[in-house]
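Participant: A single structure is presented below for examination.
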Amino acid sequence: MTNRVQIRTNSSAFIAMIADEDTITGFLLAGVGNVDLRRKTNYLIVDSMKQIEEAFKEFTTREDIAIVLISQYVANMIRFLVDSYYKPIPAILEIPSKDHPYDPAHDSVLSRVKYLFSTESVASGRR
């Protein structure tokens, strides 16, 4: 039981987004955006590679973020960070964008699920 991750319960948590302008705009229109007193936002409109890495590291360490939505083509730019992230909270979910369709072969969550099911079926003797 010592290996279990303690999931912090909070009365509210945000969804963070790292994506292109059109995707961010759609989520902002749906009411997902937030700006705190220090003028920090829970979204990043992608401009440069350095910004993507910094935003990913910031969003995955903030305690008020529960989910990080990242466009798959942006996640491919920082694939080494996305694949090395292992914590359950915040959850990292890759989404399609207007100009880049979703490719399940590059989705880190889907590949981890496939890996877990393949090792589970091998361990139980089923294939």
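Each chain in the structure tokens gets a letter, A, B, ..., in the order shown, and its residues are numbered from 1; ligands are numbered from 1 in order too.
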Can you tell me, as a count of residues only, what residues are no more than 9 Å from range 10-21 of chain A when counting only C-alpha atoms, ignoring any on the same chain fewer than 4 positions away?
Facilitator: 34
Participant: Taking only range 8-114 of chain A into account, list the residues labelled helix (DSSP H, G or I) by DSSP (computed from the backbone), as a PyMOL selection string.
Facilitator: chain A and resi 21-29+49-61+72-77+79-84+104-106+108-114
Participant: Which residue out of A:Thr23, A:Thr61, A:His100, A:Tyr115 has the minimum interatomic distance to Pro88 in chain A when only C-alpha atoms are used?
Facilitator: A:Thr61
Participant: Rounded to one decimal, what separation in Å do you get between CA of Glu94 in chain A and CA of Met49 in chain A?
Facilitator: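 The value is 17.1 Å.
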Participant: Run DSSP on the backbone and give me the residues of chain A it puts in strand (DSSP E or B), as JSON, numbers by chain.
Facilitator: {"A": [14, 15, 16, 17, 18, 19, 35, 41, 43, 44, 45, 65, 66, 67, 68, 69, 70, 71, 91, 92, 93, 94, 95]}
Participant: Choose the residue, out of A:Lys57, A:Lys50, A:His106, A:Lys40, that has the smallest atom-to-atom separation from Tyr85 in chain A; count only C-alpha atoms.
Facilitator: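 That would be A:Lys57, the residue with the smallest distance to Tyr85 in chain A.
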Participant: Which residues are close to Asp83 in chain A, i.e. within 12 Å by only C-alpha atoms, leaving aside same-chain residues fewer than 6 positions away? Reply as a PyMOL selection string.
Facilitator: chain A and resi 75-77+92-94+106-112
